[in-house]
Amino acid sequence: MVPVPTIPTDDELELIRQSGVALRAGKLSLSAGTGSYRVKNTMERVATALGIDRHEAHVTLTEITTTSHRGSSFRTEVAEVRSIGINSDRLSALEVMASTLRPGSTVEEVTEKLDAITARRPLYSGLLNALWSAIACAAFAFLNNGGPIECLVVFIGAGVGQYVRRALLTRGFNQFGVTMIAAAAACLTYLGFIQALQAVGSVGAHHQAGYISAVLFLVPGFPLVTGSLDLAKLDFSAGLARLTYALMILSSAALAVWGVSVAAGLDPAPVAGPRLPFLVLIALRLVASFLGVLGFALMFNSPWKMAIGAALVGMVANVVRIQLVEVGAAAQAGAAAAALIVGLLSAWVAPRLRVPRITIYVPAVVIMVPGATAYRSVFHLSNGDTTQALAFGVQAALVVIAISIGLAVGRMLTDATWAYER
């Protein structure tokens with residue numbers, strides 16, 4: 001016998017509509033770059049406001065599976081999000097929407113709010129986005145012991161690289177291929193300007209080592225941090241997927257850097273720091289740390305208020321980290337202490353700015369991610385120097401783990417949902 005299809009009741013049809021709206025909120029949140037725990041939280045709050053009894057979700061880097069329950073009825077849906085990016089403004093808007101919904105909200109009300117969030121255009125044009133990248137990487141160049149020439153040329157190279165990257169991504173090209181092209185564009189621009197300055201006798205030959213700072217805008221700080229925090233919440237499928245994605249992005253950029261290095265005969269070895277009076281050096285590091293975090297926050301499409309809050313937090317924590325390392329602390333110990341400071345300060349700053357905590361602490365710690373060390377590891381690995389590659393690779397991994405631990409401890413101390421398993 002052919003089974004007779006059942007006609008959904010009005011209550012079941014309403015559950016279908018409500019489940020779809022909650023899933024849409026999750027897709028918007030996931031596509032904006034936040035961690036799986038935040039995606040689940042956003043969907044749960046929307047579902048509760050709509051009257052769904054229980055909402056459960058499984059979230060990975062690109063997929064969401066949800067089940068909405070009301071009484072004896074349930075609705076299971078699966079969605080895929082292929083566009084992986086970072087949009088702090090969207091994250092903030094979604095957080096505000098989810099936190100202001102009240103029980104009894106209708107599907108039409110939530111849909112209208114989600115339509116408005118979806119319609120929000122990027123806050124900054126492609127040229128401005130490239131400018132923020134240039135500022136951040138020039139600040140990185142100084143913090144990596146570069147001089148005025150390196151900072152200036154890194155500013156140009158990173159700006160060109162980010163402009164190329166954004167232009168290609170908006171046209172739908174593969175992220176890993178785009179990452180390699182952007183890294184090559186940044187390196188070649190840097191080396192081209194250095195060669196031009198050398199040709200006219202303006203600089204010597206010792207400025208080429210700073211080119212690695214020109215590609216630090218490609219460091220996947222958001223997925224590294226959110227992936228590590230997902231693991232801290234025991235969400236292994238999402239955490240491992242994010243960390244794998246971050247490793248692939250990092251490797252793509254590093255291979256492009258290696259290719260340029262081999263072609264140009266360069267070695268991205270660390271350089272000695274500038275000889276400056278202590279107070280002057282501290283002041284310059286504070287300024288560079290502020291500008292580095294500010295540039296990254298704006299590059300992540302953060303509003304100015306949010307970006308300045310992140311920059312102030314990151315400025316303090318990063319200089320503390322550098323000073324701890326210089327007085328003899330291990331790099332990972334300094335990173336853990338600085339990340340803990342970021343976590344604690346973010347818990348105080350974010351509510352006062354009325355923004356999600358993640359939009360403050362991720363840009364603040366991205367400047368601590370050892371991108372240059374990771375690039376050097378892949379460079380030496382590609383050259384067959386396993387010992388050097390392992391040394392740089394282990395150092396980079398330990399620092400990233402330490403940053404994650406510091407942030408997780410900061411969350412546990414300031415957020416009851418992190419301190420207890422519920």
# chains A, B, ... in the order shown; residues from 1 in each chain; ligands from 1
>>> select_by_dssp(residues="range 27-233 of chain A", states="helix (DSSP H, G or I)", output="PyMOL selection string")
chain A and resi 27-31+36-50+88-100+107-119+126-143+148-169+175-199+208-218+221-232
>>> residues_around(residues="range 283-287 of chain A", least_positions_apart="3", cutoff="7 Å", atoms="only C-alpha atoms", output="NGL selection string")
:A and (143 or 279-280 or 290-291 or 315 or 319)
>>> closest_residue(among="A:Val178, A:Ala337, A:Gly51, A:Asn41", to="Val316 in chain A", atoms="only C-alpha atoms")
A:Ala337
>>> closest_residue(among="A:Val365, A:Tyr211, A:Ser125, A:Met248", to="Asn144 in chain A", atoms="only C-alpha atoms")
A:Tyr211
>>> residues_around(residues="range 154-171 of chain A", least_positions_apart="5", cutoff="8 Å", atoms="only C-alpha atoms", output="CSV table (one decimal) with all heavy atoms, in the first residue's frame")
chain,number,residue,atom,x,y,z
A,126,GLY,N,36.8,49.0,-0.2
A,126,GLY,CA,38.0,48.2,-0.4
A,126,GLY,C,39.3,49.0,-0.1
A,126,GLY,O,40.3,48.4,0.4
A,127,LEU,N,39.4,50.2,-0.5
A,127,LEU,CA,40.6,51.0,-0.3
A,127,LEU,C,40.8,51.3,1.2
A,127,LEU,O,41.9,51.2,1.7
A,127,LEU,CB,40.5,52.4,-1.0
A,127,LEU,CG,40.7,52.3,-2.5
A,127,LEU,CD1,40.5,53.7,-3.1
A,127,LEU,CD2,42.2,51.9,-2.8
A,129,ASN,N,39.7,49.4,3.7
A,129,ASN,CA,40.0,48.1,4.2
A,129,ASN,C,41.5,47.8,4.0
A,129,ASN,O,42.2,47.2,4.9
A,129,ASN,CB,39.1,47.0,3.6
A,129,ASN,CG,39.3,45.6,4.2
A,129,ASN,OD1,40.0,44.8,3.7
A,129,ASN,ND2,38.6,45.4,5.4
A,130,ALA,N,42.0,48.1,2.9
A,130,ALA,CA,43.4,47.9,2.6
A,130,ALA,C,44.3,48.8,3.5
A,130,ALA,O,45.4,48.5,3.9
A,130,ALA,CB,43.7,48.2,1.1
A,131,LEU,N,43.8,50.0,3.7
A,131,LEU,CA,44.5,51.0,4.6
A,131,LEU,C,44.6,50.4,6.0
A,131,LEU,O,45.6,50.5,6.6
A,131,LEU,CB,43.8,52.3,4.6
A,131,LEU,CG,44.3,53.4,5.6
A,131,LEU,CD1,45.7,53.8,5.2
A,131,LEU,CD2,43.4,54.6,5.6
A,132,TRP,N,43.5,49.9,6.5
A,132,TRP,CA,43.5,49.3,7.9
A,132,TRP,C,44.6,48.2,8.0
A,132,TRP,O,45.3,48.1,8.9
A,132,TRP,CB,42.2,48.8,8.3
A,132,TRP,CG,41.0,49.7,8.1
A,132,TRP,CD1,39.7,49.4,7.8
A,132,TRP,CD2,41.0,51.2,8.3
A,132,TRP,NE1,38.9,50.5,7.7
A,132,TRP,CE2,39.7,51.6,8.1
A,132,TRP,CE3,42.0,52.1,8.7
A,132,TRP,CZ2,39.3,53.0,8.2
A,132,TRP,CZ3,41.6,53.4,8.8
A,132,TRP,CH2,40.3,53.9,8.5
A,133,SER,N,44.6,47.3,6.9
A,133,SER,CA,45.6,46.3,6.9
A,133,SER,C,47.0,46.8,6.8
A,133,SER,O,47.9,46.3,7.5
A,133,SER,CB,45.4,45.4,5.6
A,133,SER,OG,46.4,44.5,5.4
A,134,ALA,N,47.2,47.9,6.1
A,134,ALA,CA,48.5,48.5,6.0
A,134,ALA,C,49.0,49.0,7.3
A,134,ALA,O,50.2,48.9,7.7
A,134,ALA,CB,48.5,49.6,4.9
A,135,ILE,N,48.1,49.7,8.0
A,135,ILE,CA,48.4,50.3,9.4
A,135,ILE,C,48.8,49.1,10.3
A,135,ILE,O,49.8,49.2,11.1
A,135,ILE,CB,47.2,51.1,9.9
A,135,ILE,CG1,47.1,52.4,9.1
A,135,ILE,CG2,47.4,51.4,11.4
A,135,ILE,CD1,45.8,53.1,9.4
A,137,CYS,N,49.9,46.0,9.7
A,137,CYS,CA,51.1,45.4,9.4
A,137,CYS,C,52.4,46.3,9.6
A,137,CYS,O,53.4,45.8,10.0
A,137,CYS,CB,51.1,44.8,8.0
A,137,CYS,SG,50.0,43.4,7.8
A,138,ALA,N,52.2,47.6,9.4
A,138,ALA,CA,53.3,48.5,9.6
A,138,ALA,C,53.6,48.5,11.1
A,138,ALA,O,54.8,48.5,11.6
A,138,ALA,CB,53.0,49.9,9.1
A,141,ALA,N,55.5,45.4,11.9
A,141,ALA,CA,56.8,45.5,11.5
A,141,ALA,C,57.7,46.2,12.6
A,141,ALA,O,58.8,45.7,12.8
A,141,ALA,CB,56.9,46.3,10.2
A,178,VAL,N,43.4,32.5,-3.3
A,178,VAL,CA,43.5,34.0,-3.1
A,178,VAL,C,44.5,34.3,-2.0
A,178,VAL,O,45.3,35.3,-2.2
A,178,VAL,CB,42.1,34.5,-2.6
A,178,VAL,CG1,42.2,35.9,-2.1
A,178,VAL,CG2,41.1,34.4,-3.8
A,179,THR,N,44.6,33.5,-1.0
A,179,THR,CA,45.6,33.7,0.1
A,179,THR,C,47.0,33.7,-0.5
A,179,THR,O,47.9,34.6,-0.2
A,179,THR,CB,45.5,32.7,1.2
A,179,THR,OG1,44.2,32.8,1.8
A,179,THR,CG2,46.5,32.9,2.3
A,181,ILE,N,47.9,34.2,-3.6
A,181,ILE,CA,48.1,35.4,-4.5
A,181,ILE,C,48.4,36.7,-3.7
A,181,ILE,O,49.2,37.5,-4.0
A,181,ILE,CB,46.9,35.5,-5.5
A,181,ILE,CG1,46.8,34.4,-6.4
A,181,ILE,CG2,47.0,36.9,-6.2
A,181,ILE,CD1,45.6,34.3,-7.3
A,182,ALA,N,47.6,36.9,-2.7
A,182,ALA,CA,47.7,38.1,-1.8
A,182,ALA,C,49.0,38.1,-1.1
A,182,ALA,O,49.7,39.2,-1.0
A,182,ALA,CB,46.6,38.1,-0.8
A,183,ALA,N,49.5,36.9,-0.6
A,183,ALA,CA,50.8,36.9,0.0
A,183,ALA,C,51.9,37.2,-1.0
A,183,ALA,O,52.9,38.0,-0.7
A,183,ALA,CB,51.0,35.5,0.6
A,184,ALA,N,51.8,36.7,-2.2
A,184,ALA,CA,52.9,36.9,-3.2
A,184,ALA,C,52.8,38.4,-3.6
A,184,ALA,O,53.9,39.1,-3.7
A,184,ALA,CB,52.6,36.1,-4.4
A,185,ALA,N,51.6,39.0,-3.7
A,185,ALA,CA,51.5,40.4,-4.1
A,185,ALA,C,52.1,41.3,-3.0
A,185,ALA,O,52.8,42.3,-3.3
A,185,ALA,CB,50.0,40.8,-4.3
A,186,ALA,N,51.9,41.0,-1.7
A,186,ALA,CA,52.4,41.8,-0.6
A,186,ALA,C,53.9,41.7,-0.6
A,186,ALA,O,54.7,42.7,-0.5
A,186,ALA,CB,51.8,41.3,0.7
A,187,CYS,N,54.5,40.5,-0.7
A,187,CYS,CA,55.9,40.3,-0.7
A,187,CYS,C,56.6,41.0,-1.9
A,187,CYS,O,57.7,41.6,-1.7
A,187,CYS,CB,56.3,38.8,-0.7
A,187,CYS,SG,55.9,37.9,0.9
A,188,LEU,N,56.1,40.7,-3.1
A,188,LEU,CA,56.7,41.3,-4.2
A,188,LEU,C,56.6,42.8,-4.2
A,188,LEU,O,57.6,43.5,-4.7
A,188,LEU,CB,56.0,40.7,-5.5
A,188,LEU,CG,56.3,39.2,-5.8
A,188,LEU,CD1,55.4,38.8,-6.9
A,188,LEU,CD2,57.7,39.0,-6.0
A,189,THR,N,55.5,43.4,-3.7
A,189,THR,CA,55.5,44.9,-3.6
A,189,THR,C,56.5,45.4,-2.7
A,189,THR,O,57.2,46.4,-3.0
A,189,THR,CB,54.0,45.3,-3.2
A,189,THR,OG1,53.1,44.8,-4.1
A,189,THR,CG2,53.9,46.8,-3.0
A,190,TYR,N,56.6,44.7,-1.5
A,190,TYR,CA,57.7,45.1,-0.5
A,190,TYR,C,59.1,45.1,-1.2
A,190,TYR,O,59.8,46.0,-1.1
A,190,TYR,CB,57.6,44.2,0.7
A,190,TYR,CG,58.6,44.5,1.7
A,190,TYR,CD1,58.3,45.3,2.8
A,190,TYR,CD2,59.9,44.0,1.7
A,190,TYR,CE1,59.3,45.6,3.8
A,190,TYR,CE2,60.9,44.3,2.6
A,190,TYR,CZ,60.5,45.1,3.7
A,190,TYR,OH,61.5,45.4,4.6
A,210,GLY,N,62.5,42.6,6.4
A,210,GLY,CA,61.2,42.9,6.9
A,210,GLY,C,60.0,42.5,6.1
A,210,GLY,O,58.9,42.7,6.5
A,211,TYR,N,60.3,41.9,5.0
A,211,TYR,CA,59.2,41.6,4.1
A,211,TYR,C,58.2,40.6,4.7
A,211,TYR,O,57.0,40.6,4.3
A,211,TYR,CB,59.7,41.0,2.8
A,211,TYR,CG,60.2,39.5,2.8
A,211,TYR,CD1,59.3,38.5,2.4
A,211,TYR,CD2,61.4,39.2,3.3
A,211,TYR,CE1,59.8,37.2,2.5
A,211,TYR,CE2,61.8,37.9,3.4
A,211,TYR,CZ,61.0,36.9,3.0
A,211,TYR,OH,61.5,35.6,3.1
A,213,SER,N,56.8,40.7,7.5
A,213,SER,CA,55.7,41.5,8.2
A,213,SER,C,54.6,42.0,7.2
A,213,SER,O,53.5,42.3,7.7
A,213,SER,CB,56.3,42.7,8.9
A,213,SER,OG,57.2,42.3,9.9
A,214,ALA,N,54.9,42.0,5.9
A,214,ALA,CA,54.0,42.5,5.0
A,214,ALA,C,52.8,41.5,4.7
A,214,ALA,O,51.8,41.9,4.1
A,214,ALA,CB,54.7,42.9,3.6
A,215,VAL,N,53.0,40.3,5.2
A,215,VAL,CA,51.9,39.3,4.9
A,215,VAL,C,51.2,38.9,6.2
A,215,VAL,O,50.4,38.0,6.2
A,215,VAL,CB,52.5,38.0,4.3
A,215,VAL,CG1,53.1,38.3,2.9
A,215,VAL,CG2,53.6,37.4,5.1
A,216,LEU,N,51.4,39.6,7.3
A,216,LEU,CA,50.8,39.2,8.6
A,216,LEU,C,49.3,39.5,8.6
A,216,LEU,O,48.6,39.1,9.5
A,216,LEU,CB,51.6,39.9,9.7
A,216,LEU,CG,53.0,39.4,9.9
A,216,LEU,CD1,53.6,40.2,11.1
A,216,LEU,CD2,53.0,37.9,10.2
A,217,PHE,N,48.8,40.3,7.7
A,217,PHE,CA,47.4,40.5,7.6
A,217,PHE,C,46.6,39.2,7.2
A,217,PHE,O,45.4,39.1,7.4
A,217,PHE,CB,47.0,41.6,6.6
A,217,PHE,CG,47.3,41.2,5.1
A,217,PHE,CD1,46.4,40.7,4.3
A,217,PHE,CD2,48.6,41.5,4.6
A,217,PHE,CE1,46.7,40.3,3.0
A,217,PHE,CE2,48.9,41.1,3.3
A,217,PHE,CZ,48.0,40.6,2.5
>>> residues_around(residues="Phe222 in chain A", least_positions_apart="2", cutoff="12 Å", atoms="only C-alpha atoms", output="PyMOL selection string")
chain A and resi 32-35+84-88+217-220+224-230+239+242-243+245-246+249+296-297+299-300+358-367+369+400+404
>>> atom_distance(atom1="CA of Leu324 in chain A", atom2="CA of Ala338 in chain A")
9.3 Å
>>> closest_residue(among="A:Ile16, A:Ala256, A:Val46, A:Leu298", to="Ser105 in chain A", atoms="only C-alpha atoms")
A:Val46
